[in-house]
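Asker: Handing over structure_24.csv, CSV, C-alpha atoms.
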chain,number,residue,atom,x,y,z
A,17,ALA,CA,194.5,-12.1,136.9
A,18,GLY,CA,198.0,-13.1,137.5
A,19,THR,CA,197.3,-16.3,139.3
A,20,GLY,CA,197.1,-19.8,137.8
A,21,MET,CA,198.9,-23.0,137.0
A,22,TRP,CA,200.3,-23.9,133.6
A,23,VAL,CA,201.1,-27.3,132.3
A,24,ALA,CA,203.5,-27.9,129.4
A,25,VAL,CA,202.4,-30.9,127.3
A,26,SER,CA,203.9,-32.5,124.2
A,27,SER,CA,201.9,-32.9,121.0
A,28,ASP,CA,201.0,-36.4,122.1
A,29,GLY,CA,199.6,-35.2,125.5
A,30,THR,CA,202.7,-36.2,127.6
A,31,ILE,CA,203.1,-33.8,130.6
A,32,LEU,CA,206.5,-32.2,130.4
A,33,GLY,CA,206.4,-29.8,133.2
A,34,CYS,CA,204.3,-27.3,135.2
A,35,ALA,CA,204.6,-24.0,137.0
A,36,ALA,CA,202.2,-21.8,139.0
A,37,LEU,CA,201.9,-18.1,139.6
A,38,HIS,CA,200.3,-16.7,142.7
A,39,ARG,CA,199.4,-13.0,142.8
A,40,ARG,CA,200.2,-11.6,146.2
A,41,ASP,CA,199.1,-7.9,145.7
A,42,ASP,CA,198.9,-5.2,143.0
A,43,ASP,CA,202.7,-5.2,142.5
A,44,TRP,CA,203.9,-8.7,143.5
A,45,ALA,CA,203.4,-12.3,142.4
A,46,GLU,CA,205.1,-15.5,143.4
A,47,LEU,CA,206.4,-18.1,141.0
A,48,ARG,CA,205.5,-21.4,142.6
A,49,ARG,CA,205.9,-25.1,142.0
A,50,MET,CA,208.1,-25.2,139.0
A,51,SER,CA,208.7,-28.8,138.0
A,52,VAL,CA,209.9,-30.5,134.8
A,53,SER,CA,209.5,-34.3,134.2
A,54,ARG,CA,212.7,-36.2,134.4
A,55,HIS,CA,212.4,-37.3,130.7
A,56,ALA,CA,211.9,-33.7,129.6
A,57,ARG,CA,214.8,-32.0,131.5
A,58,GLY,CA,217.6,-30.3,129.5
A,59,LYS,CA,215.2,-29.4,126.7
A,60,GLY,CA,214.4,-25.8,127.6
A,61,ILE,CA,211.0,-26.5,129.2
A,62,ALA,CA,211.7,-24.8,132.5
A,63,GLY,CA,213.1,-21.7,130.7
A,64,LEU,CA,210.0,-21.6,128.5
A,65,LEU,CA,207.6,-21.9,131.5
A,66,THR,CA,209.5,-19.2,133.4
A,67,ALA,CA,209.4,-16.9,130.4
A,68,HIS,CA,205.7,-17.6,129.9
A,69,LEU,CA,205.0,-16.8,133.6
A,70,HIS,CA,207.0,-13.5,133.2
A,71,ASP,CA,204.8,-12.6,130.3
A,72,VAL,CA,201.5,-13.6,132.1
A,73,ALA,CA,202.5,-11.6,135.2
A,74,ARG,CA,203.5,-8.6,133.0
A,75,GLY,CA,200.2,-8.8,131.1
A,76,ALA,CA,198.3,-8.7,134.5
A,77,GLY,CA,200.2,-5.6,135.6
A,78,VAL,CA,202.5,-7.3,138.1
A,79,ARG,CA,205.7,-5.4,138.5
A,80,ARG,CA,207.8,-7.7,140.6
A,81,LEU,CA,208.1,-11.5,141.0
A,82,PHE,CA,209.6,-13.6,143.8
A,83,LEU,CA,210.3,-17.3,144.4
A,84,THR,CA,212.2,-19.4,146.9
A,85,THR,CA,214.3,-22.5,146.1
A,86,SER,CA,216.9,-24.4,148.0
A,87,THR,CA,220.6,-25.0,147.5
A,88,GLY,CA,219.6,-28.6,146.9
A,89,GLN,CA,218.2,-27.4,143.5
A,90,PRO,CA,221.4,-26.2,141.7
A,91,ALA,CA,219.7,-26.4,138.2
A,92,ALA,CA,216.9,-24.2,139.4
A,93,ILE,CA,219.4,-21.7,140.8
A,94,ARG,CA,221.3,-21.6,137.5
A,95,LEU,CA,218.1,-21.2,135.5
A,96,TYR,CA,216.8,-18.2,137.6
A,97,THR,CA,220.3,-16.6,137.8
A,98,ARG,CA,220.8,-16.8,134.1
A,99,ALA,CA,217.2,-15.5,133.4
A,100,GLY,CA,218.1,-12.3,135.4
A,101,TRP,CA,216.6,-13.2,138.8
A,102,LYS,CA,218.6,-11.8,141.8
A,103,ILE,CA,219.1,-13.6,145.1
A,104,VAL,CA,218.0,-11.2,147.9
A,105,LYS,CA,218.0,-13.4,150.9
A,106,SER,CA,219.5,-16.8,152.0
A,107,THR,CA,218.3,-18.5,155.2
A,108,GLY,CA,218.7,-21.9,156.9
A,109,TRP,CA,221.2,-24.4,158.1
A,110,GLY,CA,222.7,-27.1,155.9
A,111,VAL,CA,220.4,-26.7,152.9
A,112,HIS,CA,219.8,-23.0,152.5
A,113,ILE,CA,216.7,-21.4,151.2
A,114,LYS,CA,217.3,-18.7,148.6
A,115,ARG,CA,214.8,-16.0,147.9
A,116,PHE,CA,215.0,-14.6,144.3
A,117,GLU,CA,213.3,-11.5,143.0
A,118,TYR,CA,212.8,-10.3,139.4
A,119,GLU,CA,211.8,-6.9,138.2
A,120,LEU,CA,209.5,-7.0,135.2
A,121,ASP,CA,210.0,-4.6,132.3
A,122,GLY,CA,207.6,-3.8,129.5
A,123,GLY,CA,209.1,-6.3,126.9
A,124,SER,CA,208.6,-10.0,126.3
A,125,SER,CA,210.6,-12.6,128.1
A,126,GLU,CA,210.9,-14.7,124.9
A,127,ASP,CA,214.5,-13.8,124.1
A,128,ARG,CA,215.7,-14.2,127.7
A,129,SER,CA,214.7,-17.8,128.4
A,130,THR,CA,217.2,-20.5,129.1
A,131,ASP,CA,217.0,-24.2,129.4
A,132,ASP,CA,216.9,-26.0,132.8
A,133,LYS,CA,220.5,-27.0,132.5
A,134,GLY,CA,221.4,-23.3,132.2
A,135,SER,CA,223.0,-23.6,128.8
A,136,GLY,CA,221.7,-20.2,127.8
A,137,LYS,CA,220.1,-21.5,124.5
A,138,ALA,CA,218.1,-18.7,122.9
A,139,ALA,CA,214.4,-19.3,122.8
A,140,ALA,CA,214.4,-19.7,119.0
A,141,GLN,CA,216.6,-22.9,119.4
A,142,ALA,CA,214.5,-24.3,122.3
A,143,PRO,CA,211.1,-25.9,121.9
A,144,ALA,CA,208.2,-23.4,121.4
A,145,LEU,CA,205.2,-23.0,123.7
A,146,MET,CA,201.9,-22.9,122.0
A,147,PRO,CA,198.7,-22.0,123.9
A,148,SER,CA,196.0,-24.6,123.9
A,149,ALA,CA,192.5,-23.8,122.9
A,150,ALA,CA,191.1,-26.6,124.9
A,151,PRO,CA,193.2,-27.6,127.9
A,152,LYS,CA,190.9,-30.2,129.3
A,153,GLU,CA,191.1,-32.1,126.0
A,154,VAL,CA,194.9,-31.8,125.8
A,155,VAL,CA,195.5,-33.0,129.4
A,156,PRO,CA,192.6,-35.1,130.6
A,157,GLY,CA,191.8,-34.8,134.3
A,158,LEU,CA,193.5,-31.4,134.7
A,159,ALA,CA,190.4,-29.3,134.8
A,160,ASN,CA,191.0,-25.6,135.7
A,161,ARG,CA,194.6,-25.9,134.5
A,162,ARG,CA,196.0,-24.1,131.5
A,163,ALA,CA,197.8,-26.5,129.1
A,164,ILE,CA,200.6,-25.2,126.9
A,165,ASN,CA,201.4,-27.4,123.9
A,166,VAL,CA,205.2,-27.8,123.4
A,167,GLN,CA,206.6,-28.4,119.9
A,168,ALA,CA,209.7,-30.4,120.9
Starting from the file, lay out its structure as structure tokens.

Answerer:
Amino acid sequence: AGTGMWVAVSSDGTILGCAALHRRDDDWAELRRMSVSRHARGKGIAGLLTAHLHDVARGAGVRRLFLTTSTGQPAAIRLYTRAGWKIVKSTGWGVHIKRFEYELDGGSSEDRSTDDKGSGKAAAQAPALMPSAAPKEVVPGLANRRAINVQA
């Protein structure tokens, strides 16, 4: 539990974004490979995926998350900073790599999500994630992935 990949898809099956969570030990998991399709950026997809992974990790008993991103990804840095992630380390020359950490609490991430432009829109104003009962049918060819339908 606490490891997997999630794919956000529109009601017509268009892939909007994806993110993965990799459980490292009893307390830690890594948020990996967050990506939002160019046509879906600025619509809250990254914030919804991030909040969803917070909730999945929390439900699996994970207490802390970490991720790395680079200074070449300013939208990602804004997203994570506004969602409450803290930069704990910066390394590199030229393009710096930032390590972020996030302490999970007992509540849902639903009210804390932001869009990938960092506008701080509340989750109620952003598209909603809906779990898919049959991921393989929603996203053909993505066996062993969890699809999340997005009502945009």

Asker: So that I can see what lies close to Leu83 in chain A, please list as a compact mmCIF listing (two decimals) with C-alpha atoms, in the frame of the given file the residues with an atom at most 6 Å from it, counting all atoms listed in the file and leaving out residues fewer than 4 positions away in the same chain.

Answerer:
# COMPACT_ATOMS: atom_id res chain seq x y z
CA GLU A 46 205.10 -15.50 143.40
CA LEU A 47 206.40 -18.10 141.00
CA ARG A 115 214.80 -16.00 147.90
CA PHE A 116 215.00 -14.60 144.30

Asker: Using all atoms listed in the file, which residue out of A:Val25, A:Leu81, A:Val72, A:Leu95 lies closest to Asp41 in chain A?

Answerer: A:Leu81

Asker: Between CA of Trp22 in chain A and CA of Ser106 in chain A, what is the distance in Å, rounded to a tenth?

Answerer: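 These two atoms are separated by 27.5 Å.
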
Asker: Please report the interatomic distance between CA of His70 in chain A and CA of Gly108 in chain A in Å with one decimal.

Answerer: 27.7 Å

Asker: Can you work out the spacing between CA of Val52 in chain A and CA of Ala76 in chain A in Å, to one decimal?

Answerer: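 It comes out at 24.7 Å.
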
Asker: Smallest atom-to-atom distance to Arg80 in chain A: which of A:Gly18, A:Gly29, A:Lys59, A:Ile93, using only C-alpha atoms?

Answerer: A:Gly18

Asker: For Met50 in chain A, list every protein, DNA or RNA residue within 10 Å, evaluated using all atoms listed in the file, and leave out those in the same chain fewer than 3 positions away; present the list as a ChimeraX atom specification.

Answerer: /A:21-23,33-37,47,62,65-66,83,85,92

Asker: Rank nothing, just name the residue among A:Ile113, A:Val78, A:Ala67, A:Ala56 nearest to Arg39 in chain A, using only C-alpha atoms.

Answerer: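 Closest candidate: A:Val78.
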
Asker: Taking only C-alpha atoms into account, which of A:Gly77, A:Gly20, A:Pro90, A:Gly63 comes nearest Trp44 in chain A?

Answerer: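 Nearest to Trp44 in chain A: A:Gly77.
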
Asker: Which residue is closest to Thr30 in chain A? Choose from A:His55, A:Leu120, A:Asp43, A:Gly100 and count all atoms listed in the file.

Answerer: A:His55

Asker: Here is a test: counting only C-alpha atoms, which residue of A:Tyr96, A:Asp71, A:Ala91, A:Lys102 is nearest to Asp121 in chain A?

Answerer: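 Among the listed residues, A:Asp71 lies closest to Asp121 in chain A.
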